[in-house]
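**Student:** Dropping the structure in here first, questions after.
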Amino acid sequence: MTSAQSHKISDVIPGGTFGATKWPEGYNHVIDHGKGPRLWTTEGKVLIDYLLGSGPMVLGHAHPKVVAAIQEQAARGTQFYGMNDVAPALASRIVELVPCAEQVKFVSDGASATFYAMRFARAFTGRTLIMKFDGAYHGSHDYAMYGFQPDHRSNVPKLNSGSAGIPSEISKTMLVAPYNDLEAATSLAMANADNLAAIIVEPVQRSLMPKPGYLAGLRALCDRIGAILIFDEVVTGFRLSLGGAQQAFGVTPDLCSLGKIVGGGLPLAAVAGRRDILELSGNASKDDGKSVFIDGTLSGNPLAAAAGLATINVLVEEDGPAKLAKIGTKLKQGFEDCAKRLSIGLQVIGPPVFPDPIFDLKPVYDQPTYMAANRGAARQFGTEMLKHDIFLRVGAKFYVSITHDDDVLDTTCKAAYSAMQAVRDAGLVK
Ligand SMILES: Cc1ncc(COP(=O)(O)O)c(C=O)c1O
């Protein structure tokens, strides 16, 4: 179904994009519909999708069980604000699966989840400072943007905010440490021990794997100084394993943020974690200096909860994370094989569920090493893949779904071979 549109998209939507991502000229596709691993554009192109709605669509597009759950709930009503019977079922599922989750507070997007996780930590500890890591992305709110620079602006002094409109006072409430450097995090934390409310970390930062012992080290550091450990599992939740990165790495945080998969492609996210912390929001009208006020018109929306629950149930029934890892591993091996045949130096970083090809063989483990690792070639590779009808965010990791079958992977690897050839011919790789 298409709607009549009387304006050019960029006349009515700033930059012609919903978020901050821009596609190269000619590839700003308008998507008509999606099914499984494919998208159909309004211009009739068929694309293989490795962006997957920026991550939520792990079952592929329009999975029959998710569609049925949405239809069933839509017929019962889409929004009540009062309690419904679907979101508590989803909360129970989260409590069963996610190690740190004793309770769940629903919000509508991942940024709200990290924002409120920080508020919970500050309220619980009575402290102000939050430590985050250089290059981490926790959404686009003021605290999260501090110290974050969009990819293309890496030469901006890194402690600025990557957005105008953020008060400089935010800098007095945040600390930024290098990722994967426990010693640096420890000395910064110890120097601020009395006022450090929390450490927030993406357990796999973008596609950078944590060094062995790093997450456990952050856990011990937080315990030592009485700070809250927050895992931002918006990307990793239900994907790295059913219990997320905390289950995969065996380190349990106090709180975690969940997003993307938890809403099954509809707007829903959550803060999950320790009961004694989350209960602070259980009676927001209490004036005891500790109660946390959180409210949102759509929080716990039944339609989104139905989509999330259906998605997670399929992942449980089908051992989804293992399937995703197998598919991602095949894709990684396909990329490596192309590079080998073309004598291109390539390493594929990240967990198997979202491989990220890097055209440089030097070790990549934090933001500076990532930014120094031939980003130009990675971006050109992405642009070339777009030319072969592979849909992705240029220069980013590849999300896979359980519907990316061998045919799809073969087509992708043929495209990757041509794309790498073009990158080599452009003189961008050694
Ligand atoms: C690790 C992480 N945290 C938080 C967010 C923000 O989530 P949302 O875009 O739903 O606000 C993202 C978004 O990609 C993310 O990758």
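If you're wondering about the labels, chains in the structure tokens are A, B, ... by order shown, residues count from 1 in each chain, ligands from 1 in order shown.
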Residues at most 10 Å from ligand 1, using only C-alpha atoms and all ligand atoms? Could they come as JSON, numbers by chain?
**Tutor:** {"A": [19, 54, 55, 56, 107, 108, 109, 110, 111, 112, 113, 114, 115, 136, 137, 138, 139, 140, 141, 144, 201, 202, 203, 204, 205, 206, 231, 232, 233, 234, 235, 236, 237, 257, 258, 259, 260, 261, 263, 267, 268, 269]}
**Student:** I want to know what sits within 8 Å of Asp254 (chain A), based on only C-alpha atoms, with residues of the same chain fewer than 6 positions away left out; could you give that as a compact mmCIF listing (two decimals) with C-alpha atoms, in the first residue's frame?
**Tutor:**
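This went into selection.txt:
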# COMPACT_ATOMS: atom_id res chain seq x y z
CA CYS A 100 20.23 -9.71 36.15
CA ILE A 228 26.07 0.30 39.88
CA LEU A 229 27.15 -1.71 36.84
CA ILE A 230 24.89 -1.15 33.83
CA GLY A 273 17.69 -5.55 36.85
CA ARG A 274 17.81 -5.74 40.62
**Student:** Please list as an MDAnalysis selection string every residue within 12 Å of Trp40 (chain A), counting only C-alpha atoms and excluding residues in the same chain fewer than 2 positions away.
**Tutor:** chainID A and resid 29:38 42:49 61 389:391
**Student:** Store the residues picked out above, limited to N, CA, C and O atoms, as a short mmCIF file (atom, residue, chain, number, x, y, z; two decimals), in the first residue's frame.
**Tutor:**
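What follows is the written file part.cif:
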data_model
loop_
_atom_site.label_atom_id
_atom_site.label_comp_id
_atom_site.auth_asym_id
_atom_site.auth_seq_id
_atom_site.Cartn_x
_atom_site.Cartn_y
_atom_site.Cartn_z
N HIS A 29 16.96 4.41 -0.41
CA HIS A 29 15.77 3.69 -0.86
C HIS A 29 14.56 3.98 0.00
O HIS A 29 14.66 4.13 1.22
N VAL A 30 13.41 4.01 -0.64
CA VAL A 30 12.14 4.05 0.09
C VAL A 30 11.62 2.60 0.08
O VAL A 30 11.43 2.01 -0.99
N ILE A 31 11.44 2.06 1.26
CA ILE A 31 11.08 0.64 1.36
C ILE A 31 9.56 0.50 1.27
O ILE A 31 8.83 1.15 2.03
N ASP A 32 9.13 -0.36 0.39
CA ASP A 32 7.69 -0.64 0.28
C ASP A 32 7.29 -1.76 1.24
O ASP A 32 6.35 -1.63 2.00
N HIS A 33 8.01 -2.86 1.21
CA HIS A 33 7.71 -3.94 2.14
C HIS A 33 8.92 -4.87 2.29
O HIS A 33 9.87 -4.79 1.50
N GLY A 34 8.84 -5.70 3.31
CA GLY A 34 9.92 -6.65 3.55
C GLY A 34 9.34 -8.02 3.85
O GLY A 34 8.23 -8.14 4.38
N LYS A 35 10.09 -9.05 3.51
CA LYS A 35 9.69 -10.43 3.83
C LYS A 35 10.96 -11.23 4.02
O LYS A 35 11.84 -11.23 3.14
N GLY A 36 11.06 -11.88 5.16
CA GLY A 36 12.27 -12.66 5.44
C GLY A 36 13.51 -11.78 5.38
O GLY A 36 13.55 -10.71 6.00
N PRO A 37 14.52 -12.18 4.61
CA PRO A 37 15.77 -11.41 4.56
C PRO A 37 15.75 -10.30 3.50
O PRO A 37 16.78 -9.67 3.27
N ARG A 38 14.61 -10.12 2.83
CA ARG A 38 14.58 -9.20 1.68
C ARG A 38 13.68 -8.00 1.90
O ARG A 38 12.69 -8.06 2.64
N THR A 42 10.07 0.98 -3.30
CA THR A 42 8.93 1.49 -4.07
C THR A 42 9.27 1.57 -5.56
O THR A 42 8.40 1.69 -6.39
N GLU A 43 10.58 1.50 -5.87
CA GLU A 43 10.98 1.53 -7.28
C GLU A 43 11.15 0.12 -7.84
O GLU A 43 11.66 -0.07 -8.95
N GLY A 44 10.75 -0.87 -7.06
CA GLY A 44 10.74 -2.25 -7.57
C GLY A 44 12.04 -2.99 -7.41
O GLY A 44 12.20 -4.09 -7.95
N LYS A 45 13.00 -2.43 -6.70
CA LYS A 45 14.26 -3.16 -6.46
C LYS A 45 14.06 -4.15 -5.32
O LYS A 45 13.31 -3.89 -4.37
N VAL A 46 14.75 -5.28 -5.42
CA VAL A 46 14.72 -6.27 -4.34
C VAL A 46 16.11 -6.28 -3.70
O VAL A 46 17.12 -6.47 -4.39
N LEU A 47 16.16 -6.05 -2.40
CA LEU A 47 17.44 -5.94 -1.70
C LEU A 47 17.57 -7.04 -0.65
O LEU A 47 16.57 -7.46 -0.05
N ILE A 48 18.80 -7.50 -0.43
CA ILE A 48 19.04 -8.38 0.72
C ILE A 48 19.40 -7.47 1.89
O ILE A 48 20.25 -6.57 1.76
N ASP A 49 18.76 -7.70 3.02
CA ASP A 49 18.83 -6.75 4.13
C ASP A 49 19.79 -7.21 5.22
O ASP A 49 19.57 -8.25 5.85
N HIS A 61 11.84 -10.16 8.13
CA HIS A 61 10.66 -9.27 8.08
C HIS A 61 9.38 -10.08 8.01
O HIS A 61 9.32 -11.13 7.35
N ASP A 389 22.78 -4.26 -4.56
CA ASP A 389 21.47 -4.50 -3.93
C ASP A 389 21.55 -5.21 -2.58
O ASP A 389 20.69 -6.00 -2.21
N ILE A 390 22.63 -4.92 -1.87
CA ILE A 390 22.74 -5.37 -0.47
C ILE A 390 22.45 -4.14 0.38
O ILE A 390 23.12 -3.11 0.25
N PHE A 391 21.44 -4.23 1.24
CA PHE A 391 21.06 -3.06 2.03
C PHE A 391 21.78 -3.11 3.37
O PHE A 391 21.75 -4.13 4.08
#
**Student:** Apply DSSP to the backbone of this structure and, from region 179-422 of chain A, keep only the residues in strand (DSSP E); write these as a VMD selection string.
**Tutor:** chain A and resid 196 to 201 228 to 232 255 to 258 269 to 273 347 to 349 356 to 358 390 to 391
**Student:** Keeping only C-alpha atoms, write the selected residues to a file as a short mmCIF file (atom, residue, chain, number, x, y, z; two decimals), in the first residue's frame.
**Tutor:**
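What ended up in result07.cif:
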data_model
loop_
_atom_site.label_atom_id
_atom_site.label_comp_id
_atom_site.auth_asym_id
_atom_site.auth_seq_id
_atom_site.Cartn_x
_atom_site.Cartn_y
_atom_site.Cartn_z
CA LEU A 196 30.55 7.56 41.01
CA ALA A 197 26.98 6.32 40.64
CA ALA A 198 27.48 3.88 37.78
CA ILE A 199 29.61 2.47 35.03
CA ILE A 200 27.66 1.92 31.82
CA VAL A 201 29.19 -0.32 29.18
CA ILE A 228 26.07 0.30 39.88
CA LEU A 229 27.15 -1.71 36.84
CA ILE A 230 24.89 -1.15 33.83
CA PHE A 231 25.20 -3.31 30.73
CA ASP A 232 23.72 -1.65 27.67
CA LEU A 255 20.92 -3.18 35.63
CA CYS A 256 20.70 -3.60 31.89
CA SER A 257 19.01 -1.74 29.09
CA LEU A 258 17.13 -3.79 26.52
CA ALA A 269 12.54 -1.09 25.32
CA ALA A 270 13.21 -1.77 28.98
CA VAL A 271 15.39 -1.32 32.00
CA ALA A 272 15.78 -4.66 33.74
CA GLY A 273 17.69 -5.55 36.85
CA GLN A 347 39.87 -9.30 9.59
CA VAL A 348 36.26 -9.79 10.57
CA ILE A 349 35.65 -8.55 14.10
CA ASP A 356 32.09 -6.46 10.96
CA PRO A 357 34.69 -6.57 8.15
CA ILE A 358 37.81 -4.48 8.77
CA ILE A 390 22.74 -5.37 -0.47
CA PHE A 391 21.06 -3.06 2.03
#
**Student:** If you run DSSP over the backbone, which residues in region 90-238 of chain A end up alpha helix (DSSP H)? Put them as a ChimeraX atom specification.
**Tutor:** /A:90-97,110-125,142-145,182-191,214-225
**Student:** Check the smallest atom-to-atom distance from each of A:Pro321, A:Ala377, A:Leu342, A:Leu303 to Gln71 (chain A) using only C-alpha atoms, then report the winner.
**Tutor:**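 For Gln71 (chain A), the nearest of the candidates is A:Leu303.
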**Student:** As a PyMOL selection string, please: the residues near region 400-413 of chain A (cut-off 9 Å, only C-alpha atoms, same-chain neighbours under 6 positions excluded).
**Tutor:** chain A and resi 36-38+48-52+55+57-61+320-321+323-325+327-328+330-331+334-335+337-338+353-355+385+388+390
**Student:** Just N, CA, C and O atoms for this one: save the residues we selected as a compact mmCIF listing (two decimals), in the first residue's frame.
**Tutor:**
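Final output, out15.txt:
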# COMPACT_ATOMS: atom_id res chain seq x y z
N GLY A 36 11.06 -11.88 5.16
CA GLY A 36 12.27 -12.66 5.44
C GLY A 36 13.51 -11.78 5.38
O GLY A 36 13.55 -10.71 6.00
N PRO A 37 14.52 -12.18 4.61
CA PRO A 37 15.77 -11.41 4.56
C PRO A 37 15.75 -10.30 3.50
O PRO A 37 16.78 -9.67 3.27
N ARG A 38 14.61 -10.12 2.83
CA ARG A 38 14.58 -9.20 1.68
C ARG A 38 13.68 -8.00 1.90
O ARG A 38 12.69 -8.06 2.64
N ILE A 48 18.80 -7.50 -0.43
CA ILE A 48 19.04 -8.38 0.72
C ILE A 48 19.40 -7.47 1.89
O ILE A 48 20.25 -6.57 1.76
N ASP A 49 18.76 -7.70 3.02
CA ASP A 49 18.83 -6.75 4.13
C ASP A 49 19.79 -7.21 5.22
O ASP A 49 19.57 -8.25 5.85
N TYR A 50 20.84 -6.44 5.46
CA TYR A 50 21.75 -6.69 6.58
C TYR A 50 21.69 -5.57 7.61
O TYR A 50 22.56 -5.46 8.47
N LEU A 51 20.66 -4.73 7.51
CA LEU A 51 20.47 -3.69 8.52
C LEU A 51 19.34 -4.12 9.46
O LEU A 51 19.38 -3.85 10.67
N LEU A 52 18.35 -4.81 8.88
CA LEU A 52 17.28 -5.44 9.68
C LEU A 52 16.63 -4.47 10.67
O LEU A 52 16.54 -4.77 11.88
N GLY A 55 18.49 -3.64 13.58
CA GLY A 55 18.76 -4.72 14.54
C GLY A 55 17.61 -5.54 15.08
O GLY A 55 17.82 -6.70 15.45
N MET A 57 14.99 -7.03 13.70
CA MET A 57 14.27 -8.02 12.90
C MET A 57 15.06 -9.33 12.76
O MET A 57 15.33 -9.82 11.66
N VAL A 58 15.40 -9.93 13.89
CA VAL A 58 16.20 -11.18 13.87
C VAL A 58 15.46 -12.36 13.28
O VAL A 58 16.10 -13.37 12.94
N LEU A 59 14.14 -12.27 13.19
CA LEU A 59 13.40 -13.38 12.56
C LEU A 59 13.15 -13.09 11.09
O LEU A 59 12.39 -13.80 10.43
N GLY A 60 13.76 -12.03 10.58
CA GLY A 60 13.45 -11.57 9.22
C GLY A 60 12.18 -10.73 9.27
O GLY A 60 11.54 -10.61 10.32
N HIS A 61 11.84 -10.16 8.13
CA HIS A 61 10.66 -9.27 8.08
C HIS A 61 9.38 -10.08 8.01
O HIS A 61 9.32 -11.13 7.35
N GLY A 320 17.35 -19.63 18.60
CA GLY A 320 17.66 -18.53 17.68
C GLY A 320 19.10 -18.04 17.72
O GLY A 320 19.76 -17.95 16.67
N PRO A 321 19.63 -17.71 18.92
CA PRO A 321 21.00 -17.19 18.94
C PRO A 321 22.02 -18.14 18.30
O PRO A 321 22.93 -17.69 17.61
N LYS A 323 21.39 -20.28 15.91
CA LYS A 323 21.18 -20.19 14.45
C LYS A 323 21.83 -18.92 13.88
O LYS A 323 22.49 -18.96 12.84
N LEU A 324 21.62 -17.82 14.58
CA LEU A 324 22.19 -16.54 14.11
C LEU A 324 23.72 -16.64 14.06
O LEU A 324 24.35 -16.16 13.11
N ALA A 325 24.28 -17.29 15.08
CA ALA A 325 25.75 -17.40 15.14
C ALA A 325 26.27 -18.25 13.97
O ALA A 325 27.30 -17.95 13.37
N ILE A 327 24.81 -18.65 11.02
CA ILE A 327 24.65 -17.88 9.78
C ILE A 327 25.72 -16.78 9.69
O ILE A 327 26.36 -16.59 8.65
N GLY A 328 25.92 -16.08 10.81
CA GLY A 328 26.93 -15.02 10.83
C GLY A 328 28.33 -15.56 10.58
O GLY A 328 29.17 -14.91 9.93
N LYS A 330 29.05 -18.20 8.75
CA LYS A 330 29.16 -18.48 7.30
C LYS A 330 29.45 -17.19 6.54
O LYS A 330 30.25 -17.17 5.60
N LEU A 331 28.78 -16.13 6.94
CA LEU A 331 29.00 -14.84 6.26
C LEU A 331 30.44 -14.37 6.47
O LEU A 331 31.12 -13.96 5.52
N GLY A 334 32.67 -16.34 4.36
CA GLY A 334 32.51 -15.89 2.97
C GLY A 334 33.35 -14.65 2.71
O GLY A 334 34.06 -14.55 1.69
N PHE A 335 33.28 -13.68 3.62
CA PHE A 335 34.09 -12.45 3.47
C PHE A 335 35.58 -12.80 3.46
O PHE A 335 36.35 -12.28 2.66
N ASP A 337 37.01 -15.56 2.68
CA ASP A 337 37.37 -16.29 1.45
C ASP A 337 37.56 -15.31 0.28
O ASP A 337 38.53 -15.41 -0.48
N CYS A 338 36.65 -14.35 0.15
CA CYS A 338 36.78 -13.33 -0.92
C CYS A 338 38.11 -12.59 -0.77
O CYS A 338 38.83 -12.39 -1.75
N VAL A 353 27.23 -13.27 15.56
CA VAL A 353 25.89 -12.79 15.22
C VAL A 353 25.88 -11.43 14.53
O VAL A 353 24.86 -11.04 13.98
N PHE A 354 26.97 -10.68 14.59
CA PHE A 354 27.07 -9.48 13.74
C PHE A 354 28.51 -9.20 13.32
O PHE A 354 29.21 -8.38 13.88
N PRO A 355 28.93 -9.90 12.25
CA PRO A 355 30.30 -9.70 11.77
C PRO A 355 30.53 -8.30 11.20
O PRO A 355 29.62 -7.71 10.62
N MET A 385 28.70 -2.54 -1.88
CA MET A 385 27.67 -3.55 -1.61
C MET A 385 26.28 -3.00 -1.93
O MET A 385 25.42 -3.72 -2.47
N HIS A 388 25.26 -3.52 -5.33
CA HIS A 388 24.85 -4.89 -5.65
C HIS A 388 23.55 -5.27 -4.92
O HIS A 388 23.30 -6.45 -4.67
N ILE A 390 22.63 -4.92 -1.87
CA ILE A 390 22.74 -5.37 -0.47
C ILE A 390 22.45 -4.14 0.38
O ILE A 390 23.12 -3.11 0.25
**Student:** Compile the contact shell of Met83 (chain A) as a PDB file with N, CA, C and O atoms, in the first residue's frame: residues with an atom at most 10 Å away, counting only C-alpha atoms, same-chain residues fewer than 4 positions apart removed.
**Tutor:**
ATOM      1  N   GLN A  79      -3.714   0.408  22.658  1.00  0.00           N
ATOM      2  CA  GLN A  79      -3.079   1.224  23.707  1.00  0.00           C
ATOM      3  C   GLN A  79      -4.100   1.551  24.785  1.00  0.00           C
ATOM      4  O   GLN A  79      -5.180   2.042  24.487  1.00  0.00           O
ATOM      5  N   ALA A  87       2.241  -7.201  28.330  1.00  0.00           N
ATOM      6  CA  ALA A  87       3.535  -6.716  28.816  1.00  0.00           C
ATOM      7  C   ALA A  87       4.003  -7.502  30.048  1.00  0.00           C
ATOM      8  O   ALA A  87       5.200  -7.820  30.152  1.00  0.00           O
ATOM      9  N   PRO A  88       3.108  -7.864  30.986  1.00  0.00           N
ATOM     10  CA  PRO A  88       3.600  -8.679  32.115  1.00  0.00           C
ATOM     11  C   PRO A  88       4.105 -10.051  31.663  1.00  0.00           C
ATOM     12  O   PRO A  88       5.054 -10.585  32.253  1.00  0.00           O
ATOM     13  N   GLY A 300       5.071   0.033  27.923  1.00  0.00           N
ATOM     14  CA  GLY A 300       4.347  -1.236  28.114  1.00  0.00           C
ATOM     15  C   GLY A 300       3.227  -1.421  27.107  1.00  0.00           C
ATOM     16  O   GLY A 300       2.324  -2.241  27.313  1.00  0.00           O
ATOM     17  N   ASN A 301       3.306  -0.688  26.030  1.00  0.00           N
ATOM     18  CA  ASN A 301       2.264  -0.766  24.988  1.00  0.00           C
ATOM     19  C   ASN A 301       1.999  -2.226  24.577  1.00  0.00           C
ATOM     20  O   ASN A 301       2.931  -2.969  24.270  1.00  0.00           O
ATOM     21  N   PRO A 302       0.733  -2.639  24.576  1.00  0.00           N
ATOM     22  CA  PRO A 302       0.447  -4.062  24.352  1.00  0.00           C
ATOM     23  C   PRO A 302       0.776  -4.555  22.947  1.00  0.00           C
ATOM     24  O   PRO A 302       1.125  -5.730  22.770  1.00  0.00           O
TER      25      PRO A 302
END
**Student:** For Tyr214 (chain A), which of A:Tyr365, A:Tyr146, A:Tyr417, A:Phe293 is the closest residue, counting only C-alpha atoms?
**Tutor:** A:Tyr365
**Student:** List the spatial neighbours of region 225-227 of chain A as an MDAnalysis selection string - criterion: any atom at most 12 Å away, only C-alpha atoms, same-chain residues fewer than 5 positions off excluded.
**Tutor:** chainID A and resid 118 120:131 186:200 218:220 253:255
**Student:** When you count only C-alpha atoms, which of these residues is closest to Ala307 (chain A): A:Lys290, A:Ile166, A:Ala91, A:Gly265?
**Tutor:** A:Gly265
**Student:** Check the smallest atom-to-atom distance from each of A:Gly213, A:Gly135, A:Pro363, A:Ala75 to Gly250 (chain A) using only C-alpha atoms, then report the winner.
**Tutor:**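 That would be A:Gly213, the residue with the smallest distance to Gly250 (chain A).
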**Student:** Between CA of Glu183 (chain A) and CA of Ala248 (chain A), what distance in Å does the model show, to one decimal?
**Tutor:**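 One can read the CA of Glu183 (chain A) to CA of Ala248 (chain A) distance as 23.4 Å.
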**Student:** List the neighbours of Met420 (chain A) out to 10 Å using only C-alpha atoms; skip same-chain residues closer than 3 positions along the sequence, and give me the result as a list in words.
**Tutor:**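 That gives Phe335, Cys338, Ala339, Leu342, Ile344, Phe359, Ala377, Ala378, Gln380, Phe381, Gly382, Glu384, Met385, Ala415, Ala416, Tyr417, Val423, Arg424, Asp425, Ala426, Leu428 and Val429 of chain A.
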**Student:** Between A:Pro352, A:Pro150, A:Gly15, A:Pro210, which is the closest to Gly162 (chain A) once you count only C-alpha atoms?
**Tutor:** A:Pro150
**Student:** Of the candidates A:Phe148, A:Tyr179, A:Leu309, A:Val262, which one gets nearest to Gly244 (chain A) if we count only C-alpha atoms?
**Tutor:**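 Nearest candidate to Gly244 (chain A) out of A:Phe148, A:Tyr179, A:Leu309, A:Val262: A:Val262.
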**Student:** If I take CA of Ala69 (chain A) and CA of Ala306 (chain A), how far is one from the other in Å, to one decimal?
**Tutor:**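 About the pair CA of Ala69 (chain A) and CA of Ala306 (chain A): they are 5.8 Å apart.
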**Student:** Report, in Å to a single decimal, how far apart CA of Leu182 (chain A) and CA of Ile277 (chain A) are.
**Tutor:**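 Straight-line distance from CA of Ile277 (chain A) to CA of Leu182 (chain A) works out to 25.7 Å.
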